[in-house]
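Enquirer: Contents of entry26.csv (CSV, N, CA and C atoms) are given next:
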```csv
chain,number,residue,atom,x,y,z
A,1,MET,N,123.9,162.2,149.2
A,1,MET,CA,124.6,163.5,149.4
A,1,MET,C,126.0,163.5,148.7
A,2,LYS,N,126.7,162.4,148.8
A,2,LYS,CA,128.0,162.3,148.2
A,2,LYS,C,127.9,162.3,146.7
A,3,ARG,N,126.9,161.7,146.1
A,3,ARG,CA,126.6,161.8,144.7
A,3,ARG,C,126.4,163.2,144.2
A,4,ASN,N,125.6,163.9,145.0
A,4,ASN,CA,125.3,165.3,144.7
A,4,ASN,C,126.5,166.2,144.7
A,5,PHE,N,127.4,165.9,145.7
A,5,PHE,CA,128.6,166.7,145.7
A,5,PHE,C,129.5,166.4,144.5
A,6,MET,N,129.6,165.1,144.2
A,6,MET,CA,130.4,164.8,143.0
A,6,MET,C,129.9,165.4,141.7
A,7,THR,N,128.6,165.4,141.6
A,7,THR,CA,127.9,166.0,140.4
A,7,THR,C,128.3,167.5,140.4
A,8,LEU,N,128.2,168.2,141.5
A,8,LEU,CA,128.6,169.6,141.5
A,8,LEU,C,130.0,169.8,141.2
A,9,LEU,N,130.9,168.9,141.7
A,9,LEU,CA,132.3,169.0,141.5
A,9,LEU,C,132.6,168.8,140.0
A,10,ILE,N,132.0,167.8,139.4
A,10,ILE,CA,132.2,167.6,138.0
A,10,ILE,C,131.7,168.8,137.1
A,11,ALA,N,130.5,169.3,137.5
A,11,ALA,CA,130.0,170.4,136.7
A,11,ALA,C,130.9,171.6,136.9
A,12,GLY,N,131.4,171.9,138.1
A,12,GLY,CA,132.4,173.0,138.3
A,12,GLY,C,133.6,172.8,137.5
A,13,GLY,N,134.2,171.5,137.4
A,13,GLY,CA,135.4,171.3,136.7
A,13,GLY,C,135.2,171.5,135.2
A,14,VAL,N,134.1,171.0,134.7
A,14,VAL,CA,133.8,171.2,133.2
A,14,VAL,C,133.5,172.6,133.0
A,15,GLY,N,132.9,173.3,133.8
A,15,GLY,CA,132.7,174.8,133.7
A,15,GLY,C,134.0,175.5,133.7
A,16,PHE,N,134.9,175.1,134.5
A,16,PHE,CA,136.2,175.8,134.6
A,16,PHE,C,137.0,175.5,133.3
A,17,SER,N,136.8,174.3,132.7
A,17,SER,CA,137.5,174.0,131.4
A,17,SER,C,136.9,174.9,130.3
A,18,VAL,N,135.6,175.0,130.3
A,18,VAL,CA,135.0,175.9,129.3
A,18,VAL,C,135.4,177.4,129.5
A,19,ALA,N,135.5,177.8,130.8
A,19,ALA,CA,136.0,179.1,131.1
A,19,ALA,C,137.4,179.4,130.5
A,20,MET,N,138.3,178.4,130.6
A,20,MET,CA,139.6,178.5,130.1
A,20,MET,C,139.6,178.7,128.6
A,21,VAL,N,138.8,177.9,127.9
A,21,VAL,CA,138.7,177.9,126.5
A,21,VAL,C,138.2,179.3,126.1
A,22,LEU,N,137.1,179.8,126.8
A,22,LEU,CA,136.6,181.2,126.5
A,22,LEU,C,137.7,182.2,126.7
A,23,SER,N,138.5,182.1,127.7
A,23,SER,CA,139.6,183.0,128.0
A,23,SER,C,140.6,183.1,126.8
A,24,PHE,N,140.9,182.0,126.2
A,24,PHE,CA,141.9,182.0,125.1
A,24,PHE,C,141.2,182.4,123.8
A,25,ILE,N,139.9,182.2,123.6
A,25,ILE,CA,139.3,182.5,122.4
A,25,ILE,C,138.9,184.0,122.4
A,26,PHE,N,138.3,184.5,123.4
A,26,PHE,CA,137.8,185.9,123.5
A,26,PHE,C,138.8,186.9,124.1
A,27,ARG,N,139.7,186.4,124.9
A,27,ARG,CA,140.7,187.2,125.5
A,27,ARG,C,140.2,188.5,126.3
A,28,GLY,N,139.1,188.4,126.9
A,28,GLY,CA,138.6,189.5,127.8
A,28,GLY,C,138.1,190.7,127.1
A,29,ASP,N,137.7,190.6,125.8
A,29,ASP,CA,137.1,191.7,125.1
A,29,ASP,C,135.7,192.0,125.5
A,30,PHE,N,135.1,192.9,124.8
A,30,PHE,CA,133.7,193.3,125.1
A,30,PHE,C,132.7,192.1,125.0
A,31,GLY,N,132.9,191.4,123.9
A,31,GLY,CA,132.0,190.2,123.6
A,31,GLY,C,132.1,189.2,124.7
A,32,HIS,N,133.3,189.0,125.2
A,32,HIS,CA,133.5,188.1,126.3
A,32,HIS,C,132.8,188.5,127.5
A,33,GLY,N,132.9,189.8,127.9
A,33,GLY,CA,132.2,190.3,129.0
A,33,GLY,C,130.7,190.2,128.9
A,34,LEU,N,130.2,190.4,127.7
A,34,LEU,CA,128.8,190.3,127.4
A,34,LEU,C,128.3,188.9,127.5
A,35,ILE,N,129.1,188.0,127.0
A,35,ILE,CA,128.7,186.6,127.2
A,35,ILE,C,128.6,186.2,128.6
A,36,VAL,N,129.6,186.5,129.4
A,36,VAL,CA,129.6,186.2,130.8
A,36,VAL,C,128.5,186.8,131.6
A,37,ALA,N,128.2,188.1,131.3
A,37,ALA,CA,127.1,188.8,131.9
A,37,ALA,C,125.8,188.2,131.6
A,38,CYS,N,125.6,187.8,130.3
A,38,CYS,CA,124.3,187.2,129.9
A,38,CYS,C,124.1,185.8,130.6
A,39,VAL,N,125.2,185.1,130.7
A,39,VAL,CA,125.1,183.8,131.4
A,39,VAL,C,124.7,184.0,132.8
A,40,LEU,N,125.3,185.0,133.5
A,40,LEU,CA,124.9,185.2,134.9
A,40,LEU,C,123.5,185.7,135.0
A,41,ILE,N,123.1,186.6,134.2
A,41,ILE,CA,121.7,187.1,134.3
A,41,ILE,C,120.6,186.1,133.8
A,42,TYR,N,120.9,185.5,132.7
A,42,TYR,CA,119.8,184.7,132.1
A,42,TYR,C,119.8,183.2,132.4
A,43,ILE,N,120.9,182.8,133.0
A,43,ILE,CA,121.0,181.3,133.3
A,43,ILE,C,121.2,181.2,134.9
A,44,VAL,N,122.1,181.8,135.5
A,44,VAL,CA,122.4,181.6,136.9
A,44,VAL,C,121.3,182.1,137.8
A,45,LEU,N,120.8,183.3,137.5
A,45,LEU,CA,119.8,183.9,138.4
A,45,LEU,C,118.5,183.1,138.3
A,46,PRO,N,118.0,182.7,137.1
A,46,PRO,CA,116.8,181.9,137.1
A,46,PRO,C,117.0,180.5,137.8
A,47,LEU,N,118.2,179.9,137.6
A,47,LEU,CA,118.5,178.7,138.3
A,47,LEU,C,118.6,178.8,139.8
A,48,MET,N,119.1,180.0,140.3
A,48,MET,CA,119.0,180.2,141.7
A,48,MET,C,117.6,180.2,142.2
A,49,LEU,N,116.7,180.9,141.5
A,49,LEU,CA,115.3,181.0,141.9
A,49,LEU,C,114.7,179.6,141.9
A,50,ILE,N,115.0,178.8,140.8
A,50,ILE,CA,114.4,177.4,140.7
A,50,ILE,C,114.9,176.6,141.9
A,51,ALA,N,116.3,176.7,142.1
A,51,ALA,CA,116.9,175.9,143.2
A,51,ALA,C,116.3,176.3,144.6
A,52,GLY,N,116.1,177.5,144.8
A,52,GLY,CA,115.5,178.0,146.0
A,52,GLY,C,114.1,177.5,146.2
A,53,ILE,N,113.3,177.6,145.2
A,53,ILE,CA,111.9,177.1,145.3
A,53,ILE,C,111.9,175.6,145.5
A,54,ILE,N,112.7,174.9,144.8
A,54,ILE,CA,112.7,173.4,144.9
A,54,ILE,C,113.2,173.0,146.3
A,55,PHE,N,114.2,173.8,146.8
A,55,PHE,CA,114.7,173.5,148.2
A,55,PHE,C,113.6,173.6,149.2
A,56,ILE,N,112.8,174.7,149.1
A,56,ILE,CA,111.7,174.9,150.0
A,56,ILE,C,110.6,173.9,149.9
A,57,VAL,N,110.3,173.6,148.6
A,57,VAL,CA,109.2,172.6,148.4
A,57,VAL,C,109.7,171.2,148.8
A,58,GLY,N,111.0,170.9,148.6
A,58,GLY,CA,111.6,169.6,149.0
A,58,GLY,C,111.6,169.4,150.5
A,59,ARG,N,111.7,170.5,151.3
A,59,ARG,CA,111.6,170.4,152.7
A,59,ARG,C,110.2,170.0,153.1
A,60,LEU,N,109.2,170.4,152.4
A,60,LEU,CA,107.8,170.1,152.7
A,60,LEU,C,107.4,168.7,152.2
A,61,TRP,N,107.8,168.4,151.0
A,61,TRP,CA,107.5,167.0,150.4
A,61,TRP,C,108.8,166.3,150.1
A,62,HIS,N,108.9,165.2,150.7
A,62,HIS,CA,110.2,164.5,150.5
A,62,HIS,C,110.0,163.5,149.3
A,63,ARG,N,110.3,164.1,148.1
A,63,ARG,CA,110.2,163.3,146.9
A,63,ARG,C,111.6,163.2,146.3
A,64,LYS,N,111.9,162.0,145.8
A,64,LYS,CA,113.2,161.8,145.2
A,64,LYS,C,113.5,162.6,143.9
A,65,TRP,N,112.4,162.9,143.1
A,65,TRP,CA,112.6,163.6,141.9
A,65,TRP,C,112.9,165.1,142.2
A,66,LEU,N,112.4,165.6,143.3
A,66,LEU,CA,112.8,167.0,143.7
A,66,LEU,C,114.2,167.1,144.0
A,67,SER,N,114.8,166.1,144.7
A,67,SER,CA,116.2,166.1,144.9
A,67,SER,C,117.0,166.1,143.6
A,68,TRP,N,116.5,165.3,142.7
A,68,TRP,CA,117.2,165.2,141.4
A,68,TRP,C,117.2,166.5,140.7
A,69,ILE,N,116.0,167.2,140.6
A,69,ILE,CA,115.9,168.4,140.0
A,69,ILE,C,116.8,169.5,140.6
A,70,LEU,N,116.8,169.5,142.0
A,70,LEU,CA,117.7,170.4,142.7
A,70,LEU,C,119.2,170.2,142.4
A,71,THR,N,119.6,168.9,142.3
A,71,THR,CA,121.0,168.6,141.9
A,71,THR,C,121.3,169.1,140.5
A,72,VAL,N,120.4,168.9,139.6
A,72,VAL,CA,120.6,169.4,138.2
A,72,VAL,C,120.7,170.9,138.2
A,73,ALA,N,119.8,171.6,138.9
A,73,ALA,CA,119.8,173.0,138.9
A,73,ALA,C,121.1,173.5,139.5
A,74,LEU,N,121.6,172.9,140.6
A,74,LEU,CA,122.8,173.4,141.2
A,74,LEU,C,124.0,173.1,140.4
A,75,ALA,N,124.0,171.9,139.7
A,75,ALA,CA,125.1,171.6,138.8
A,75,ALA,C,125.2,172.6,137.6
A,76,LEU,N,124.0,173.0,137.1
A,76,LEU,CA,124.0,174.0,136.0
A,76,LEU,C,124.5,175.3,136.5
A,77,MET,N,124.1,175.6,137.8
A,77,MET,CA,124.6,176.9,138.4
A,77,MET,C,126.1,176.9,138.5
A,78,ALA,N,126.6,175.7,139.0
A,78,ALA,CA,128.1,175.6,139.2
A,78,ALA,C,128.8,175.8,137.9
A,79,PHE,N,128.3,175.1,136.8
A,79,PHE,CA,128.9,175.2,135.5
A,79,PHE,C,128.9,176.6,135.0
A,80,SER,N,127.8,177.3,135.1
A,80,SER,CA,127.6,178.6,134.6
A,80,SER,C,128.4,179.7,135.4
A,81,SER,N,128.4,179.6,136.7
A,81,SER,CA,129.0,180.6,137.6
A,81,SER,C,130.5,180.6,137.4
A,82,VAL,N,131.1,179.5,137.1
A,82,VAL,CA,132.5,179.5,137.0
A,82,VAL,C,133.0,180.3,135.8
A,83,GLN,N,132.1,180.6,134.9
A,83,GLN,CA,132.5,181.4,133.7
A,83,GLN,C,133.1,182.8,134.1
A,84,VAL,N,132.7,183.3,135.2
A,84,VAL,CA,133.2,184.5,135.7
A,84,VAL,C,134.8,184.5,135.8
A,85,VAL,N,135.3,183.3,136.1
A,85,VAL,CA,136.8,183.2,136.3
A,85,VAL,C,137.5,183.5,135.0
A,86,SER,N,136.8,183.3,133.8
A,86,SER,CA,137.5,183.5,132.5
A,86,SER,C,137.8,185.0,132.3
A,87,MET,N,137.1,185.9,132.9
A,87,MET,CA,137.3,187.3,132.6
A,87,MET,C,138.6,187.8,133.0
A,88,PRO,N,139.1,187.7,134.3
A,88,PRO,CA,140.4,188.2,134.6
A,88,PRO,C,141.5,187.5,133.8
A,89,ILE,N,141.4,186.2,133.6
A,89,ILE,CA,142.4,185.5,132.8
A,89,ILE,C,142.4,186.1,131.4
A,90,GLY,N,141.2,186.3,130.8
A,90,GLY,CA,141.2,186.9,129.5
A,90,GLY,C,141.8,188.3,129.4
A,91,TRP,N,141.5,189.1,130.5
A,91,TRP,CA,142.1,190.5,130.5
A,91,TRP,C,143.6,190.4,130.6
A,92,TYR,N,144.2,189.4,131.3
A,92,TYR,CA,145.6,189.3,131.4
A,92,TYR,C,146.2,188.9,130.1
A,93,LEU,N,145.5,188.0,129.3
A,93,LEU,CA,146.0,187.6,128.0
A,93,LEU,C,145.9,188.8,127.0
A,94,GLN,N,144.8,189.6,127.2
A,94,GLN,CA,144.7,190.7,126.3
A,94,GLN,C,145.8,191.8,126.5
A,95,GLU,N,146.1,192.0,127.8
A,95,GLU,CA,147.2,192.9,128.1
A,95,GLU,C,148.5,192.5,127.5
A,96,GLY,N,148.8,191.2,127.5
A,96,GLY,CA,150.0,190.6,126.9
A,96,GLY,C,150.0,190.8,125.3
A,97,ASP,N,148.8,190.7,124.7
A,97,ASP,CA,148.7,190.9,123.3
A,97,ASP,C,148.9,192.4,122.9
A,98,VAL,N,148.4,193.3,123.8
A,98,VAL,CA,148.6,194.7,123.5
A,98,VAL,C,150.1,195.0,123.7
A,99,ARG,N,150.7,194.5,124.7
A,99,ARG,CA,152.1,194.7,124.9
A,99,ARG,C,153.0,194.3,123.7
A,100,LEU,N,152.7,193.1,123.2
A,100,LEU,CA,153.4,192.6,122.0
A,100,LEU,C,153.1,193.4,120.8
A,101,ALA,N,151.9,193.9,120.6
A,101,ALA,CA,151.6,194.7,119.5
A,101,ALA,C,152.3,196.1,119.6
A,102,ARG,N,152.4,196.6,120.8
A,102,ARG,CA,153.1,197.9,121.0
A,102,ARG,C,154.6,197.7,120.7
A,103,GLU,N,155.2,196.6,121.2
A,103,GLU,CA,156.6,196.4,120.9
A,103,GLU,C,156.9,196.3,119.4
A,104,TYR,N,156.0,195.6,118.7
A,104,TYR,CA,156.1,195.4,117.2
A,104,TYR,C,156.1,196.8,116.5
A,105,CYS,N,155.1,197.6,117.0
A,105,CYS,CA,155.0,198.9,116.3
A,105,CYS,C,156.2,199.8,116.6
A,106,GLU,N,156.8,199.7,117.9
A,106,GLU,CA,158.0,200.5,118.2
A,106,GLU,C,159.2,200.0,117.4
A,107,GLN,N,159.2,198.7,117.0
A,107,GLN,CA,160.3,198.2,116.2
A,107,GLN,C,160.2,198.8,114.8
A,108,LEU,N,159.0,199.1,114.3
A,108,LEU,CA,158.8,199.6,113.0
A,108,LEU,C,159.2,201.1,112.8
A,109,ILE,N,159.2,201.8,113.9
A,109,ILE,CA,159.5,203.3,113.8
A,109,ILE,C,160.9,203.5,113.2
A,110,PRO,N,162.0,202.9,113.6
A,110,PRO,CA,163.3,203.2,113.0
A,110,PRO,C,163.3,202.8,111.5
A,111,LEU,N,162.7,201.6,111.2
A,111,LEU,CA,162.6,201.2,109.8
A,111,LEU,C,161.9,202.2,108.9
A,112,LEU,N,160.8,202.7,109.4
A,112,LEU,CA,160.0,203.7,108.7
A,112,LEU,C,160.8,205.0,108.5
A,113,LYS,N,161.5,205.4,109.6
A,113,LYS,CA,162.3,206.7,109.5
A,113,LYS,C,163.4,206.5,108.5
A,114,ALA,N,164.1,205.3,108.5
A,114,ALA,CA,165.2,205.0,107.5
A,114,ALA,C,164.7,205.0,106.1
A,115,HIS,N,163.5,204.5,105.9
A,115,HIS,CA,162.9,204.5,104.6
A,115,HIS,C,162.6,205.9,104.1
A,116,LYS,N,162.1,206.8,105.0
A,116,LYS,CA,161.8,208.1,104.7
A,116,LYS,C,163.1,208.9,104.3
A,117,GLU,N,164.2,208.6,105.0
A,117,GLU,CA,165.4,209.3,104.7
A,117,GLU,C,166.0,208.9,103.3
A,118,GLN,N,165.8,207.6,103.0
A,118,GLN,CA,166.3,207.1,101.7
A,118,GLN,C,165.4,207.5,100.5
A,119,ALA,N,164.1,207.4,100.7
A,119,ALA,CA,163.1,207.6,99.6
A,119,ALA,C,162.5,209.0,99.6
A,120,GLY,N,162.6,209.7,100.7
A,120,GLY,CA,162.1,211.0,100.7
A,120,GLY,C,160.6,211.1,101.3
A,121,SER,N,160.0,209.9,101.4
A,121,SER,CA,158.6,209.9,101.9
A,121,SER,C,158.4,208.5,102.6
A,122,TYR,N,157.4,208.5,103.4
A,122,TYR,CA,157.1,207.2,104.1
A,122,TYR,C,156.5,206.3,103.0
A,123,PRO,N,156.6,205.0,103.3
A,123,PRO,CA,156.1,204.0,102.3
A,123,PRO,C,154.5,204.0,102.4
A,124,LYS,N,153.9,203.6,101.3
A,124,LYS,CA,152.4,203.6,101.3
A,124,LYS,C,151.9,202.5,102.2
A,125,LEU,N,152.7,201.4,102.2
A,125,LEU,CA,152.4,200.3,103.1
A,125,LEU,C,153.5,200.0,104.1
A,126,PRO,N,153.3,199.9,105.4
A,126,PRO,CA,154.4,199.7,106.3
A,126,PRO,C,155.2,198.4,106.0
A,127,GLN,N,154.6,197.4,105.4
A,127,GLN,CA,155.2,196.2,105.2
A,127,GLN,C,156.4,196.4,104.1
A,128,SER,N,156.2,197.4,103.3
A,128,SER,CA,157.3,197.5,102.2
A,128,SER,C,158.5,198.1,102.8
A,129,ALA,N,158.5,198.7,104.0
A,129,ALA,CA,159.7,199.2,104.7
A,129,ALA,C,160.5,198.1,105.4
A,130,ILE,N,159.8,197.0,105.6
A,130,ILE,CA,160.5,195.9,106.3
A,130,ILE,C,161.2,195.0,105.3
A,131,VAL,N,162.5,194.9,105.6
A,131,VAL,CA,163.4,194.0,104.7
A,131,VAL,C,163.4,192.6,105.3
A,132,PRO,N,163.0,191.6,104.5
A,132,PRO,CA,163.0,190.3,105.1
A,132,PRO,C,164.3,189.7,105.4
```
I need this file expressed as structure tokens, please.

Expert:
Amino acid sequence: MKRNFMTLLIAGGVGFSVAMVLSFIFRGDFGHGLIVACVLIYIVLPLMLIAGIIFIVGRLWHRKWLSWILTVALALMAFSSVQVVSMPIGWYLQEGDVRLAREYCEQLIPLLKAHKEQAGSYPKLPQSAIVP
């Protein structure tokens, strides 16, 4: 029992680490949500079904290999289920990115207006209005 708990704890920890990496890579965009939804639908739900069946069968037949398969199924469920945690963290990071982009664009407005006053028109590329 203690070994099974440690296996689940390790699987959850590794899953959380992967969730953090996903948060920083995908930052809560549509693809990130799609990946998490597919993991839940196509991995966690079948594993829940397998774990439930093995739990019932394991109660009837006391076999060591059934316990091992149940532990593996639960560990994979723990690893996969933790991916849900990456979504709110990714959304928070994405909001920060949008805020920084908005601030950058607001800093360009006075430079573009000054360029229009000097040249008579806006620059063809916004980068040409920025003086290094």

Enquirer: Please, what distance in Å, to one decimal, runs between CA of Ile50 in chain A and CA of Val36 in chain A?

Expert: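 Between CA of Ile50 in chain A and CA of Val36 in chain A the gap works out to 20.2 Å.
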
Enquirer: Of the candidates A:Ile35, A:Glu106, A:Met77, A:Val82, which one gets nearest to Met48 in chain A if we count all atoms listed in the file?

Expert: A:Met77

Enquirer: Provide the CA of Tyr92 in chain A to CA of Val21 in chain A distance in Å, to one decimal place.

Expert: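 It comes out at 14.2 Å.
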
Enquirer: Distance CA of Gly96 in chain A-atom N of Ile25 in chain A, one decimal place?

Expert: 13.5 Å

Enquirer: Report as a tab-separated table the residues of range 43-97 of chain A within 5 Å of range 7-17 of chain A, each with its shortest atom pair and distance in Å (one decimal), using all atoms listed in the file, ordered by chain and increasing residue number.

Expert:
```
residue	atom	partner	partner_atom	distance
A:Ala75	CA	A:Leu8	CA	4.9
A:Ala78	C	A:Gly12	CA	4.6
A:Phe79	CA	A:Gly15	CA	4.2
```

Enquirer: Near Gly28 in chain A, counting all atoms listed in the file, which residues have an atom at most 6 Å away, once you skip same-chain residues fewer than 5 positions from it, shown as a PDB file with N, CA and C atoms, in the coordinates of the input?

Expert:
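The resulting file, part34.pdb, is shown below:
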```pdb
ATOM      1  N   SER A  23     138.500 182.100 127.700  1.00  0.00           N
ATOM      2  CA  SER A  23     139.600 183.000 128.000  1.00  0.00           C
ATOM      3  C   SER A  23     140.600 183.100 126.800  1.00  0.00           C
ATOM      4  N   GLY A  33     132.900 189.800 127.900  1.00  0.00           N
ATOM      5  CA  GLY A  33     132.200 190.300 129.000  1.00  0.00           C
ATOM      6  C   GLY A  33     130.700 190.200 128.900  1.00  0.00           C
ATOM      7  N   MET A  87     137.100 185.900 132.900  1.00  0.00           N
ATOM      8  CA  MET A  87     137.300 187.300 132.600  1.00  0.00           C
ATOM      9  C   MET A  87     138.600 187.800 133.000  1.00  0.00           C
ATOM     10  N   GLY A  90     141.200 186.300 130.800  1.00  0.00           N
ATOM     11  CA  GLY A  90     141.200 186.900 129.500  1.00  0.00           C
ATOM     12  C   GLY A  90     141.800 188.300 129.400  1.00  0.00           C
ATOM     13  N   TRP A  91     141.500 189.100 130.500  1.00  0.00           N
ATOM     14  CA  TRP A  91     142.100 190.500 130.500  1.00  0.00           C
ATOM     15  C   TRP A  91     143.600 190.400 130.600  1.00  0.00           C
ATOM     16  N   GLN A  94     144.800 189.600 127.200  1.00  0.00           N
ATOM     17  CA  GLN A  94     144.700 190.700 126.300  1.00  0.00           C
ATOM     18  C   GLN A  94     145.800 191.800 126.500  1.00  0.00           C
TER      19      GLN A  94
END
```

Enquirer: With only C-alpha atoms as the atoms that count, which of A:Phe5, A:Val85, A:Leu74, A:Leu22 lies nearest to Ile43 in chain A?

Expert: A:Leu74

Enquirer: Is there a way to get, as a list in words, all residues within 10 Å of the point (117.4, 173.3, 142.6) in file coordinates, counting only C-alpha atoms?

Expert: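 In the file's frame, the residues around the point are Leu47, Met48, Leu49, Ile50, Ala51, Gly52, Ile53, Ile54, Phe55, Ile56, Gly58, Leu66, Ser67, Trp68, Ile69, Leu70, Thr71, Val72, Ala73, Leu74, Ala75, Leu76 and Met77 of chain A.
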
Enquirer: Output as a PyMOL selection string all residues of range 24-87 of chain A that backbone DSSP marks as alpha helix (DSSP H).

Expert: chain A and resi 24-26+30-39+45-60+64-81+86-87

Enquirer: Which of these, A:Ile41, A:Leu112, A:Leu34, A:Met20, has the shortest distance to Gln127 in chain A once you count only C-alpha atoms?

Expert: A:Leu112
